[in-house]
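Student: I'd like to ask you about the structure that follows.
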Amino acid sequence: MEVKVKGRRLLCGSGGRAKVANKTMSTCCAATSRPSHANTRPRPASLKQMLSLSLSSTSRSRSARTRTCEVRAGSDLSSLFDGTPTTKKEDEGNKSGAEESVKEVELNSELGLSYELLRDLLEVGEWEKADDETRLKLIEMAGPEAESRGWVYFTEVKDIPVADLQTVDKLWSAYSKGRYGYSIQKKIWTKNKKVWTKFFVEIDWVQGENNAYRKWPLEFFFKEDAKKGHLPLTNCLRGTQLFQAVLEHPAFEEKKKKVSTSIGEGSVKI
């Protein structure tokens with residue numbers, strides 16, 4: 001039998017051998033040879049392995065989405081840096097604590113005066129109107145003569161009840177978060193050894209190289225972040241006598257700590 005392969009003739013005899021140009025080759029030339037290792041396909045994974053890989057991938061994806069949601073849900077990212085986040089519950093707790101401290105201020109008055117308007121003005125941040133209301137209340141506290149003249153004389157301050165001055169002071173302190181009030185001014189004044197020029201500089205009542213008084217009311221600051229002790233304004237244009245009388249009032253006396261003079265059993269007198 002005669003077969004052509006790529007232009008050559010193959011002569012196949014009865015013995016199952018083929019000749020090509022006097023060279024023999026096996027009659028198995030027509031059969032397919034074994035495939036090389038490079039062309040072999042990998043064996044497919046079993047069903048159990050496929051399910052295991054799928055579940056592992058799904059778990060990692062869910063974990064990543066959960067971490068992303070946790071970061072987006074909270075506004076405080078400090079946990080990513082120092083591990084000490086401020087949670088929303090803590091913020092709400094601090095806020096409620098501040099509100100409670102304001103609500104705890106009792107509007108006490110031995111003179112029967114109402115401090116509700118002052119409280120309401122401070123609550124909404126109307127600092128200038130609250131300062132005006134404080135001045136009016138101070139005149140009412142001083143009595144009929146002060147009301148008729150429209151201002152308080154420094155000698156009248158000593159007769160003002162402690163409860164009324166403390167109510168006004170506590171309202172200012174509570175709604176300013178400890179920034180304003182007579183008791184705050186008293187501490188700053190004492191810290192400056194009761195030197196008025198230094199005191200006025202620290203509470204920002206003066207300006208310029210010569211420490212000139214600010215013009216009332218335009219040059220004073222009626223806002224929540226003015227210098228500590230800046231408010232309330234206490235007749236600062238009439239000198240320091242009235243202001244000193246207010247700061248030295250018994251309502252703002254600091255309680256002295258009791259010093260124990262007892263001697264322990266193991267001590268020795270010299």
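By order in the structure tokens, chains are A, B, ...; within a chain, residues start at 1; ligands start at 1, following the order shown.
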What parts of region 202-247 of chain A does DSSP call helix (DSSP H, G or I)? I'd like the answer as a list in words.
Tutor: Glu202, Cys236, Leu237, Arg238, Gln241, Leu242, Phe243, Gln244, Ala245, Val246 and Leu247 of chain A
Student: Do a neighbour search on region 180-186 of chain A at 10 Å with only C-alpha atoms, toss out local chain neighbours closer than 2 positions, and write the hits as a PyMOL selection string.
Tutor: chain A and resi 165-166+168-178+188-192+194+199+203+224-234+243-244+246-248+251-254
Student: Grab the CA of Ala245 (chain A) to CA of Val162 (chain A) distance for me, in Å with one decimal place.
Tutor: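 That distance, rounded to one decimal, is 13.0 Å.
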Student: One number please: CA of Thr155 (chain A) to CA of Arg119 (chain A), in Å, one decimal.
Tutor: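 Separation between CA of Thr155 (chain A) and CA of Arg119 (chain A): 27.3 Å.
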Student: Expressed in Å to a single decimal, how great is the separation between CA of Lys255 (chain A) and CA of Glu123 (chain A)?
Tutor: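 Distance between the two atoms: 29.0 Å.
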Student: Would you kindly return, as a ChimeraX atom specification, each protein, DNA or RNA residue with an atom no farther than 8 Å from any atom of Leu242 (chain A), considering only C-alpha atoms and excluding same-chain residues fewer than 6 positions away?
Tutor: /A:152-155,157,234-235
Student: Could the residues in this selection be written to a file with C-alpha atoms, as a PDB file, in the first residue's frame?
Tutor:
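Final output, saved to result_5.pdb:
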ATOM      1  CA  VAL A 152     -25.362 100.687  92.807  1.00  0.00           C
ATOM      2  CA  TYR A 153     -23.201 102.473  95.338  1.00  0.00           C
ATOM      3  CA  PHE A 154     -20.364 100.315  96.652  1.00  0.00           C
ATOM      4  CA  THR A 155     -21.484 100.660 100.291  1.00  0.00           C
ATOM      5  CA  VAL A 157     -23.227  95.763  98.313  1.00  0.00           C
ATOM      6  CA  THR A 234     -19.503  95.058  86.764  1.00  0.00           C
ATOM      7  CA  ASN A 235     -19.747  98.786  86.297  1.00  0.00           C
TER       8      ASN A 235
END
